[in-house]
file input30.csv (CSV, C-alpha atoms)
chain,number,residue,atom,x,y,z
W,286,MET,CA,94.0,145.3,103.5
W,287,ASN,CA,96.5,144.2,106.1
W,288,HIS,CA,99.8,144.4,104.4
W,289,THR,CA,101.7,141.6,106.2
W,290,LYS,CA,98.8,139.1,105.7
W,291,PHE,CA,98.7,139.9,102.0
W,292,ALA,CA,102.4,139.2,101.8
W,293,VAL,CA,101.9,135.8,103.5
W,294,TRP,CA,99.3,134.8,100.9
W,295,LEU,CA,101.5,135.9,98.0
W,296,GLN,CA,104.4,133.9,99.5
W,297,LEU,CA,102.2,130.8,99.8
W,298,LEU,CA,101.0,131.2,96.2
W,299,GLN,CA,104.6,131.5,94.9
W,300,MET,CA,105.8,128.6,97.0
W,301,PHE,CA,103.1,126.2,95.8
W,302,LEU,CA,103.6,127.2,92.2
W,303,LYS,CA,107.2,126.4,92.6
W,304,VAL,CA,106.7,123.1,94.3
W,305,ASN,CA,104.1,122.0,91.8
W,306,ILE,CA,106.1,122.9,88.7
W,307,LEU,CA,109.2,121.2,90.0
W,308,SER,CA,107.8,118.0,91.5
W,309,PRO,CA,106.7,115.1,89.2
W,310,SER,CA,103.9,113.8,91.4
W,311,GLY,CA,101.8,114.4,94.5
W,312,PRO,CA,103.7,112.2,97.0
W,313,ALA,CA,107.0,113.5,95.6
W,314,SER,CA,106.1,117.0,96.6
W,315,VAL,CA,106.2,116.2,100.3
W,316,GLY,CA,109.9,116.3,100.7
W,317,PHE,CA,110.2,119.4,98.7
W,318,LEU,CA,107.4,121.2,100.6
W,319,TYR,CA,109.2,120.3,103.8
W,320,GLU,CA,112.3,122.2,102.8
W,321,GLU,CA,110.2,125.2,101.7
W,322,SER,CA,107.9,125.5,104.7
W,323,VAL,CA,109.3,124.0,107.9
W,324,GLY,CA,111.0,126.7,110.0
W,325,LYS,CA,109.7,129.4,107.8
W,326,ILE,CA,106.0,129.4,108.0
W,327,MET,CA,105.2,126.4,110.2
W,328,THR,CA,106.9,124.2,112.8
W,329,GLU,CA,108.1,120.7,112.2
W,330,GLU,CA,105.3,119.4,114.5
W,331,GLN,CA,102.6,121.2,112.5
W,332,PHE,CA,104.1,119.7,109.3
W,333,VAL,CA,104.1,116.1,110.6
W,334,GLU,CA,100.5,116.6,111.8
W,335,ALA,CA,99.5,117.9,108.3
W,336,VAL,CA,101.1,114.9,106.6
W,337,GLY,CA,99.3,112.6,109.0
W,338,PHE,CA,96.0,114.1,108.4
W,339,SER,CA,96.4,114.2,104.6
W,340,ASN,CA,97.1,110.4,104.7
W,341,VAL,CA,94.1,109.7,106.8
W,342,LEU,CA,91.4,111.7,105.0
W,343,PRO,CA,90.0,110.7,101.6
W,344,GLY,CA,91.1,112.6,98.4
W,345,SER,CA,94.3,113.6,96.7
W,346,GLU,CA,96.9,113.8,99.5
W,347,ALA,CA,99.1,116.5,97.9
W,348,LEU,CA,96.2,118.9,97.7
W,349,LYS,CA,95.2,118.2,101.3
W,350,LEU,CA,98.8,118.7,102.5
W,351,ALA,CA,98.9,122.0,100.5
W,352,MET,CA,95.7,123.2,102.2
W,353,PHE,CA,97.0,122.3,105.7
W,354,VAL,CA,100.2,124.2,105.1
W,355,GLY,CA,98.2,127.1,103.8
W,356,TYR,CA,95.9,127.0,106.8
W,357,ALA,CA,98.8,127.0,109.3
W,358,ALA,CA,100.4,130.0,107.6
W,359,GLY,CA,97.4,132.1,106.7
W,360,GLY,CA,94.1,130.8,107.8
W,361,ILE,CA,91.2,130.2,105.3
W,362,PRO,CA,92.6,132.7,102.7
W,363,GLY,CA,95.9,130.8,103.1
W,364,VAL,CA,94.1,127.6,102.2
W,365,MET,CA,92.8,129.2,99.1
W,366,SER,CA,96.1,130.6,97.9
W,367,ALA,CA,97.8,127.2,98.5
W,368,LEU,CA,95.1,125.5,96.6
W,369,LEU,CA,95.4,127.9,93.7
W,370,GLY,CA,99.2,127.5,93.6
W,371,ALA,CA,98.9,123.7,93.7
W,372,ILE,CA,96.2,123.5,90.9
W,373,LEU,CA,97.4,126.1,88.4
W,374,PRO,CA,100.5,124.4,87.0
W,375,PRO,CA,99.1,121.0,86.4
W,376,THR,CA,95.8,122.5,85.0
W,377,VAL,CA,97.5,124.7,82.4
W,378,LEU,CA,100.0,122.0,81.4
W,379,MET,CA,97.5,119.2,81.1
W,380,LEU,CA,94.9,121.2,79.1
W,381,LEU,CA,97.7,122.3,76.7
W,382,VAL,CA,99.1,118.8,76.3
W,383,SER,CA,95.6,117.2,75.9
W,384,ALA,CA,94.7,119.7,73.2
W,385,VAL,CA,97.9,119.0,71.3
W,386,LEU,CA,97.6,115.2,71.7
W,387,GLN,CA,94.1,115.0,70.4
W,388,GLN,CA,95.5,116.2,67.0
W,389,PHE,CA,97.7,113.2,66.8
W,390,GLN,CA,95.1,110.6,67.9
W,391,HIS,CA,95.2,108.8,64.6
W,392,GLU,CA,98.9,108.8,63.9
W,393,ASN,CA,100.6,105.4,63.7
W,394,TRP,CA,103.6,106.3,65.9
W,395,LEU,CA,101.2,107.3,68.8
W,396,ALA,CA,99.6,103.8,68.7
W,397,GLY,CA,103.0,102.3,69.0
W,398,PHE,CA,103.9,104.7,71.8
W,399,VAL,CA,100.8,103.7,73.7
W,400,ALA,CA,101.3,100.0,73.1
W,401,GLY,CA,104.8,100.3,74.6
W,402,MET,CA,103.6,102.5,77.4
W,403,SER,CA,100.8,100.0,78.5
W,404,PRO,CA,103.1,97.4,80.1
W,405,ALA,CA,105.1,100.2,81.8
W,406,VAL,CA,101.9,101.9,83.1
W,407,ALA,CA,100.7,98.5,84.4
W,408,ALA,CA,104.1,98.1,86.1
W,409,LEU,CA,103.8,101.6,87.5
W,410,ILE,CA,100.4,100.7,89.0
W,411,VAL,CA,101.7,97.5,90.5
W,412,PHE,CA,104.6,99.5,92.0
W,413,VAL,CA,102.3,102.1,93.5
W,414,SER,CA,100.0,99.4,94.8
W,415,TRP,CA,103.0,97.7,96.6
W,416,GLU,CA,104.1,101.0,98.1
W,417,LEU,CA,100.6,101.6,99.3
W,418,PHE,CA,100.4,98.2,100.8
W,419,ARG,CA,103.8,98.5,102.5
W,420,VAL,CA,103.0,101.9,104.0
W,421,SER,CA,99.6,100.7,105.2
W,422,SER,CA,100.9,97.7,107.0
W,423,ARG,CA,103.7,99.7,108.6
W,424,GLN,CA,106.5,97.7,110.2
W,425,LYS,CA,105.2,94.2,110.0
W,426,ILE,CA,102.5,92.7,107.8
W,427,ASP,CA,99.4,92.5,109.9
W,428,ARG,CA,97.2,89.5,109.6
W,429,ARG,CA,94.1,91.7,109.4
W,430,VAL,CA,95.6,93.6,106.5
W,431,ILE,CA,96.1,90.3,104.6
W,432,PHE,CA,92.6,89.3,105.5
W,433,ILE,CA,91.1,92.5,104.0
W,434,ALA,CA,93.3,92.2,100.9
W,435,LEU,CA,92.3,88.5,100.3
W,436,LEU,CA,88.6,89.3,100.8
W,437,SER,CA,88.6,92.2,98.5
W,438,ALA,CA,90.6,90.2,95.9
W,439,PHE,CA,87.8,87.7,96.0
W,440,ALA,CA,85.1,90.4,95.7
W,441,PHE,CA,86.8,92.1,92.7
W,442,TRP,CA,87.1,88.7,91.1
W,443,ALA,CA,83.4,88.1,91.7
W,444,GLU,CA,82.8,91.4,89.9
W,445,ILE,CA,81.2,93.2,92.8
W,446,PRO,CA,81.3,96.9,91.9
W,447,SER,CA,84.5,98.5,93.2
W,448,PRO,CA,82.9,101.4,95.3
W,449,PHE,CA,81.0,98.8,97.3
W,450,VAL,CA,84.2,96.7,97.9
W,451,LEU,CA,86.1,99.8,99.0
W,452,LEU,CA,83.3,100.9,101.3
W,453,GLY,CA,83.1,97.4,102.7
W,454,ALA,CA,86.9,97.3,103.3
W,455,GLY,CA,86.7,100.6,105.2
W,456,ILE,CA,83.9,99.3,107.4
W,457,LEU,CA,85.8,96.1,108.0
W,458,GLY,CA,88.7,98.3,109.0
W,459,VAL,CA,86.6,100.1,111.6
W,460,ILE,CA,85.5,96.7,113.0
W,461,LEU,CA,89.0,95.0,112.9
W,462,PHE,CA,91.2,97.9,113.9
W,463,GLY,CA,88.6,99.4,116.2
W,464,ARG,CA,89.0,102.6,118.1
W,465,ARG,CA,92.6,102.2,118.6
W,466,SER,CA,94.1,105.4,120.1
W,467,TYR,CA,97.1,107.0,118.5
T,1187,MET,CA,75.4,119.1,79.8
T,1188,ASP,CA,74.2,115.8,81.2
T,1189,HIS,CA,77.4,113.9,80.7
T,1190,LEU,CA,79.3,116.8,82.3
T,1191,LEU,CA,77.2,116.3,85.5
T,1192,GLN,CA,77.9,112.6,85.4
T,1193,LEU,CA,81.6,113.3,85.0
T,1194,PHE,CA,81.5,115.6,88.0
T,1195,LEU,CA,79.7,112.9,90.1
T,1196,ILE,CA,82.3,110.2,89.1
T,1197,PHE,CA,85.2,112.4,90.2
T,1198,ILE,CA,83.4,113.2,93.5
T,1199,LYS,CA,82.9,109.5,94.1
T,1200,VAL,CA,86.5,108.5,93.2
T,1201,ASN,CA,87.9,111.2,95.4
T,1202,LEU,CA,85.8,110.3,98.4
T,1203,LEU,CA,86.8,106.6,98.1
T,1204,SER,CA,90.5,106.8,97.5
T,1205,THR,CA,93.1,107.8,100.1
T,1206,SER,CA,95.6,109.4,97.7
T,1207,GLY,CA,96.2,110.6,94.2
T,1208,PRO,CA,97.9,107.5,92.8
T,1209,ALA,CA,95.4,105.2,94.5
T,1210,SER,CA,92.6,106.7,92.5
T,1211,VAL,CA,93.8,105.1,89.2
T,1212,GLY,CA,92.2,101.7,90.0
T,1213,LEU,CA,88.8,103.1,90.8
T,1214,LEU,CA,88.8,105.6,88.0
T,1215,TYR,CA,89.6,102.9,85.5
T,1216,HIS,CA,86.5,101.0,86.5
T,1217,GLU,CA,84.4,104.1,86.3
T,1218,VAL,CA,85.4,105.5,83.0
T,1219,VAL,CA,87.0,103.0,80.7
T,1220,GLY,CA,84.5,101.6,78.1
T,1221,SER,CA,81.8,104.2,78.9
T,1222,TYR,CA,83.7,107.5,78.6
T,1223,VAL,CA,87.2,106.8,77.2
T,1224,THR,CA,88.9,104.0,75.5
T,1225,GLU,CA,91.6,101.8,77.0
T,1226,ALA,CA,94.3,103.5,74.8
T,1227,GLN,CA,93.2,107.0,76.0
T,1228,PHE,CA,93.3,105.8,79.6
T,1229,VAL,CA,96.9,104.5,79.2
T,1230,GLN,CA,97.9,107.8,77.6
T,1231,ALA,CA,96.3,109.7,80.5
T,1232,VAL,CA,98.2,107.7,83.1
T,1233,GLY,CA,101.4,107.8,81.2
T,1234,LEU,CA,101.2,111.5,80.6
T,1235,SER,CA,100.2,112.5,84.1
T,1236,SER,CA,103.2,110.6,85.5
T,1237,VAL,CA,105.5,112.4,83.0
T,1238,LEU,CA,104.3,115.9,83.4
T,1239,PRO,CA,105.2,117.8,86.6
T,1240,GLY,CA,102.5,118.4,89.2
T,1241,SER,CA,99.9,116.3,90.9
T,1242,ASP,CA,99.3,113.0,88.9
T,1243,ALA,CA,95.7,112.6,90.1
T,1244,LEU,CA,94.6,116.0,89.0
T,1245,GLN,CA,96.2,115.7,85.6
T,1246,LEU,CA,94.7,112.3,85.1
T,1247,ALA,CA,91.3,113.7,86.0
T,1248,MET,CA,91.7,116.6,83.6
T,1249,TYR,CA,92.9,114.5,80.7
T,1250,ILE,CA,89.9,112.3,81.0
T,1251,GLY,CA,87.6,115.3,81.4
T,1252,TYR,CA,89.1,116.8,78.3
T,1253,ALA,CA,88.7,113.7,76.3
T,1254,VAL,CA,85.0,113.5,77.3
T,1255,GLY,CA,84.0,117.1,77.0
T,1256,GLY,CA,86.8,119.4,75.9
T,1257,ILE,CA,87.9,122.3,78.1
T,1258,PRO,CA,84.6,122.4,80.0
T,1259,GLY,CA,85.0,118.6,80.7
T,1260,GLY,CA,88.5,119.1,82.0
T,1261,LEU,CA,87.4,121.9,84.3
T,1262,VAL,CA,84.4,119.8,85.6
T,1263,ALA,CA,86.7,116.9,86.3
T,1264,LEU,CA,89.1,119.2,88.1
T,1265,ALA,CA,86.3,120.6,90.2
T,1266,GLY,CA,85.0,117.2,91.1
T,1267,SER,CA,88.5,116.1,92.3
T,1268,ILE,CA,89.1,119.2,94.3
T,1269,LEU,CA,85.8,119.7,96.0
T,1270,PRO,CA,85.8,116.6,98.4
T,1271,PRO,CA,89.3,117.2,99.9
T,1272,THR,CA,88.7,121.0,100.1
T,1273,LEU,CA,85.4,120.7,102.0
T,1274,ILE,CA,86.9,118.0,104.2
T,1275,ILE,CA,90.0,120.1,105.0
T,1276,LEU,CA,87.9,123.2,105.8
T,1277,GLY,CA,85.7,121.0,108.0
T,1278,VAL,CA,88.7,119.4,109.7
T,1279,THR,CA,90.6,122.6,110.4
T,1280,MET,CA,87.5,123.8,112.2
T,1281,VAL,CA,87.0,120.7,114.3
T,1282,LEU,CA,90.7,119.6,114.4
T,1283,HIS,CA,90.8,118.9,118.0
T,1284,ARG,CA,87.7,116.9,118.1
T,1285,LEU,CA,88.6,114.7,115.2
T,1286,ARG,CA,91.9,113.8,116.7
T,1287,ARG,CA,90.0,111.5,119.0
T,1288,GLU,CA,87.9,109.9,116.3
T,1289,ALA,CA,90.1,106.8,115.8
T,1290,TRP,CA,87.4,105.1,113.7
T,1291,LEU,CA,88.2,107.4,110.7
T,1292,SER,CA,91.8,106.3,110.6
T,1293,SER,CA,90.7,102.7,111.0
T,1294,PHE,CA,88.3,103.1,108.0
T,1295,VAL,CA,91.2,104.4,105.9
T,1296,GLU,CA,93.5,101.6,107.2
T,1297,GLY,CA,90.9,99.1,106.0
T,1298,LEU,CA,90.6,100.9,102.7
T,1299,ALA,CA,94.3,100.7,101.9
T,1300,PRO,CA,94.7,97.0,101.3
T,1301,ALA,CA,91.5,96.9,99.2
T,1302,ILE,CA,92.8,99.8,97.1
T,1303,SER,CA,96.1,97.9,96.6
T,1304,VAL,CA,94.3,94.8,95.4
T,1305,LEU,CA,92.1,96.9,93.1
T,1306,MET,CA,95.2,98.4,91.5
T,1307,LEU,CA,96.6,95.0,90.8
T,1308,PHE,CA,93.5,94.0,89.0
T,1309,THR,CA,93.6,97.3,87.1
T,1310,ALA,CA,97.3,96.8,86.2
T,1311,TRP,CA,96.5,93.4,84.8
T,1312,LYS,CA,93.6,94.7,82.7
T,1313,ILE,CA,95.7,97.6,81.3
T,1314,PHE,CA,98.4,95.1,80.4
T,1315,GLU,CA,96.1,92.6,78.8
T,1316,LYS,CA,94.1,95.1,76.8
T,1317,GLY,CA,97.1,97.1,75.8
T,1318,GLY,CA,97.5,94.5,73.0
T,1319,SER,CA,101.2,93.8,73.5
T,1320,THR,CA,101.0,90.6,75.5
T,1321,GLY,CA,103.7,88.9,73.4
T,1322,TRP,CA,107.3,88.6,74.7
T,1323,GLU,CA,107.9,92.3,73.9
T,1324,GLY,CA,105.2,93.4,76.2
T,1325,TRP,CA,106.2,91.1,79.0
T,1326,THR,CA,109.8,92.2,78.7
T,1327,ILE,CA,108.9,95.9,78.8
T,1328,GLY,CA,106.6,95.3,81.8
T,1329,ILE,CA,109.0,93.3,83.8
T,1330,VAL,CA,112.0,95.6,83.1
T,1331,SER,CA,109.9,98.6,84.0
T,1332,LEU,CA,108.8,97.1,87.2
T,1333,ALA,CA,112.4,96.1,88.1
T,1334,ALA,CA,113.6,99.6,87.2
T,1335,MET,CA,111.0,101.3,89.5
T,1336,PHE,CA,111.9,99.0,92.4
T,1337,LEU,CA,115.5,100.1,91.8
T,1338,ASN,CA,114.2,103.7,92.3
T,1339,ALA,CA,114.3,104.8,88.6
T,1340,PRO,CA,112.0,107.8,88.2
T,1341,ALA,CA,108.7,106.6,86.9
T,1342,ARG,CA,108.4,109.3,84.3
T,1343,ILE,CA,111.6,108.3,82.6
T,1344,VAL,CA,110.6,104.6,82.6
T,1345,VAL,CA,107.2,105.4,81.0
T,1346,VAL,CA,108.8,107.5,78.3
T,1347,VAL,CA,111.4,105.0,77.4
T,1348,ALA,CA,108.8,102.2,77.3
T,1349,GLY,CA,106.8,104.4,74.9
T,1350,ILE,CA,109.8,105.0,72.6
T,1351,LEU,CA,110.5,101.2,72.6
T,1352,GLY,CA,106.9,100.8,71.6
T,1353,VAL,CA,107.3,103.1,68.6
T,1354,TYR,CA,110.2,101.0,67.3
T,1355,PHE,CA,109.0,97.5,68.1
T,1356,LEU,CA,105.2,97.6,68.3
T,1357,SER,CA,103.9,99.9,65.7
call {"tool": "encode", "arguments": {"input": "input30.csv", "output": "structure tokens"}}
result
Amino acid sequence: MNHTKFAVWLQLLQMFLKVNILSPSGPASVGFLYEESVGKIMTEEQFVEAVGFSNVLPGSEALKLAMFVGYAAGGIPGVMSALLGAILPPTVLMLLVSAVLQQFQHENWLAGFVAGMSPAVAALIVFVSWELFRVSSRQKIDRRVIFIALLSAFAFWAEIPSPFVLLGAGILGVILFGRRSY
Amino acid sequence: MDHLLQLFLIFIKVNLLSTSGPASVGLLYHEVVGSYVTEAQFVQAVGLSSVLPGSDALQLAMYIGYAVGGIPGGLVALAGSILPPTLIILGVTMVLHRLRREAWLSSFVEGLAPAISVLMLFTAWKIFEKGGSTGWEGWTIGIVSLAAMFLNAPARIVVVVAGILGVYFLS
């Protein structure tokens, strides 16, 4: 085994363990990851490219970002150690907490807690939805973005299954936004 | 065994059709609430995953997996969430320079984003409505939470405080 390569993989694993234990959510980990990786294992340009790609491709963006950073630093094995580091902390925590919480499922205070949390969770979703909308329409609100939003609102209201609506919106995006070059 | 496979397929689908972790909440709600988990379990899952450190989307997936099928369920949900982005990344890193010119992919995602935002608004309303607390207490908690988040209050603190208020006023 090549010693320096192995050290890189280990460093990646430690870095992602740290980032994922300390950051509350996927998007929040971007800033943190920047500090940890830029200048040390990848250039600023590579990092920006990684963030761009992880926003464009489907799936959880924090994982994709982790894998791009892992790839830049250590190739395919780097991808695997970054993935492992990003997955391990939430997995262990969540399985532990779910197991504990199932024991309390019929307690009265938990019902109250959930009842109080519902409006806040709804508010959180509205907030994330706004953030997503704002980021996607960039500087100014594009008429085409509004058009897709209104059309999908109508489709959801008409109870068309959501995967179809999302697919349709994506295809509409290809037609409306076209092969714009970046 | 059969429902584990279905769970796996649901998470593959959700992760192929959403652009980011938090955006998967809306689609996931439609796929699992009623058939796999109750409304209350889903709210717990979203609340918990924003409180605990680490990726929200993965925690949400695991909580739902765990509720459906214990530890194996949690692991299956995790695998379903990880597989699509992993395969895509491995593919992309191999054809990185070719994909850069494929503008249609970014147009697809650009079209997806407003639809996901709208879907999330619908989901938020359903969670609020079915949460049971649609009286003035519920509206107050919701509006104050929203205002707090627009003022950059950390979501995890907002969610915990709302839960504690619930224990006192709604149980």
call {"tool": "atom_distance", "arguments": {"input": "input30.csv", "atom1": "CA of Val1295 (chain T)", "atom2": "CA of Ser1210 (chain T)"}}
result
13.7 Å
call {"tool": "closest_residue", "arguments": {"input": "input30.csv", "among": "T:Leu1238, T:Phe1314, T:Phe1355, T:Ala1263", "to": "Ile306 (chain W)", "atoms": "all atoms listed in the file"}}
result
T:Leu1238
call {"tool": "residues_around", "arguments": {"input": "input30.csv", "residues": "Leu435 (chain W)", "least_positions_apart": "2", "cutoff": "12 Å", "atoms": "all atoms listed in the file", "output": "PDB file with C-alpha atoms, keeping the file's coordinate frame"}}
result
ATOM      1  CA  ARG W 428      97.200  89.500 109.600  1.00  0.00           C
ATOM      2  CA  ARG W 429      94.100  91.700 109.400  1.00  0.00           C
ATOM      3  CA  VAL W 430      95.600  93.600 106.500  1.00  0.00           C
ATOM      4  CA  ILE W 431      96.100  90.300 104.600  1.00  0.00           C
ATOM      5  CA  PHE W 432      92.600  89.300 105.500  1.00  0.00           C
ATOM      6  CA  ILE W 433      91.100  92.500 104.000  1.00  0.00           C
ATOM      7  CA  SER W 437      88.600  92.200  98.500  1.00  0.00           C
ATOM      8  CA  ALA W 438      90.600  90.200  95.900  1.00  0.00           C
ATOM      9  CA  PHE W 439      87.800  87.700  96.000  1.00  0.00           C
ATOM     10  CA  ALA W 440      85.100  90.400  95.700  1.00  0.00           C
ATOM     11  CA  PHE W 441      86.800  92.100  92.700  1.00  0.00           C
ATOM     12  CA  TRP W 442      87.100  88.700  91.100  1.00  0.00           C
ATOM     13  CA  VAL W 450      84.200  96.700  97.900  1.00  0.00           C
ATOM     14  CA  ALA W 454      86.900  97.300 103.300  1.00  0.00           C
TER      15      ALA W 454
ATOM     16  CA  PRO T1300      94.700  97.000 101.300  1.00  0.00           C
ATOM     17  CA  ALA T1301      91.500  96.900  99.200  1.00  0.00           C
ATOM     18  CA  ILE T1302      92.800  99.800  97.100  1.00  0.00           C
ATOM     19  CA  SER T1303      96.100  97.900  96.600  1.00  0.00           C
ATOM     20  CA  VAL T1304      94.300  94.800  95.400  1.00  0.00           C
ATOM     21  CA  LEU T1305      92.100  96.900  93.100  1.00  0.00           C
TER      22      LEU T1305
END
call {"tool": "closest_residue", "arguments": {"input": "input30.csv", "among": "W:Ala292, W:Val336, W:Val399, W:Met352", "to": "Ile1274 (chain T)", "atoms": "only C-alpha atoms"}}
result
W:Met352
call {"tool": "closest_residue", "arguments": {"input": "input30.csv", "among": "W:Leu381, W:Ala357, W:Leu451, W:Met300", "to": "chain T", "atoms": "only C-alpha atoms"}}
result
W:Leu451
call {"tool": "atom_distance", "arguments": {"input": "input30.csv", "atom1": "CA of Leu380 (chain W)", "atom2": "CA of Gly1255 (chain T)"}}
result
11.8 Å
call {"tool": "atom_distance", "arguments": {"input": "input30.csv", "atom1": "CA of Trp1311 (chain T)", "atom2": "CA of Val1254 (chain T)"}}
result
24.3 Å
call {"tool": "closest_residue", "arguments": {"input": "input30.csv", "among": "T:Gly1324, T:Leu1213, T:Thr1309, T:Leu1276", "to": "Gly360 (chain W)", "atoms": "all atoms listed in the file"}}
result
T:Leu1276
call {"tool": "residues_around", "arguments": {"input": "input30.csv", "residues": "Ala1334 (chain T)", "least_positions_apart": "5", "cutoff": "12 Å", "atoms": "only C-alpha atoms", "output": "ChimeraX atom specification"}}
result
/W:405,408-409,412 /T:1326-1329,1339-1345,1347-1348
call {"tool": "closest_residue", "arguments": {"input": "input30.csv", "among": "W:Lys303, W:Phe462, W:Val333, W:Val323", "to": "chain T", "atoms": "only C-alpha atoms"}}
result
W:Phe462
call {"tool": "closest_residue", "arguments": {"input": "input30.csv", "among": "W:Leu461, W:Ser383, W:Gly359, W:Pro404", "to": "Gly1259 (chain T)", "atoms": "all atoms listed in the file"}}
result
W:Ser383
call {"tool": "residues_near_point", "arguments": {"input": "input30.csv", "point": "(86.8, 106.5, 78.8)", "cutoff": "12 Å", "atoms": "only C-alpha atoms", "output": "PyMOL selection string"}}
result
chain T and resi 1193+1196+1214-1231+1246-1247+1249-1255
call {"tool": "write_last_selection", "arguments": {"input": "input30.csv", "atoms": "C-alpha atoms", "output": "short mmCIF file (atom, residue, chain, number, x, y, z; two decimals), in the frame of the given file"}}
result
data_model
loop_
_atom_site.label_atom_id
_atom_site.label_comp_id
_atom_site.auth_asym_id
_atom_site.auth_seq_id
_atom_site.Cartn_x
_atom_site.Cartn_y
_atom_site.Cartn_z
CA LEU T 1193 81.60 113.30 85.00
CA ILE T 1196 82.30 110.20 89.10
CA LEU T 1214 88.80 105.60 88.00
CA TYR T 1215 89.60 102.90 85.50
CA HIS T 1216 86.50 101.00 86.50
CA GLU T 1217 84.40 104.10 86.30
CA VAL T 1218 85.40 105.50 83.00
CA VAL T 1219 87.00 103.00 80.70
CA GLY T 1220 84.50 101.60 78.10
CA SER T 1221 81.80 104.20 78.90
CA TYR T 1222 83.70 107.50 78.60
CA VAL T 1223 87.20 106.80 77.20
CA THR T 1224 88.90 104.00 75.50
CA GLU T 1225 91.60 101.80 77.00
CA ALA T 1226 94.30 103.50 74.80
CA GLN T 1227 93.20 107.00 76.00
CA PHE T 1228 93.30 105.80 79.60
CA VAL T 1229 96.90 104.50 79.20
CA GLN T 1230 97.90 107.80 77.60
CA ALA T 1231 96.30 109.70 80.50
CA LEU T 1246 94.70 112.30 85.10
CA ALA T 1247 91.30 113.70 86.00
CA TYR T 1249 92.90 114.50 80.70
CA ILE T 1250 89.90 112.30 81.00
CA GLY T 1251 87.60 115.30 81.40
CA TYR T 1252 89.10 116.80 78.30
CA ALA T 1253 88.70 113.70 76.30
CA VAL T 1254 85.00 113.50 77.30
CA GLY T 1255 84.00 117.10 77.00
#
call {"tool": "residues_around", "arguments": {"input": "input30.csv", "residues": "Leu373 (chain W)", "least_positions_apart": "3", "cutoff": "12 Å", "atoms": "all atoms listed in the file", "output": "PyMOL selection string"}}
result
(chain W and resi 298-299+301-306+348+366-370+376-380) or (chain T and resi 1239-1241+1244-1245+1261+1264)
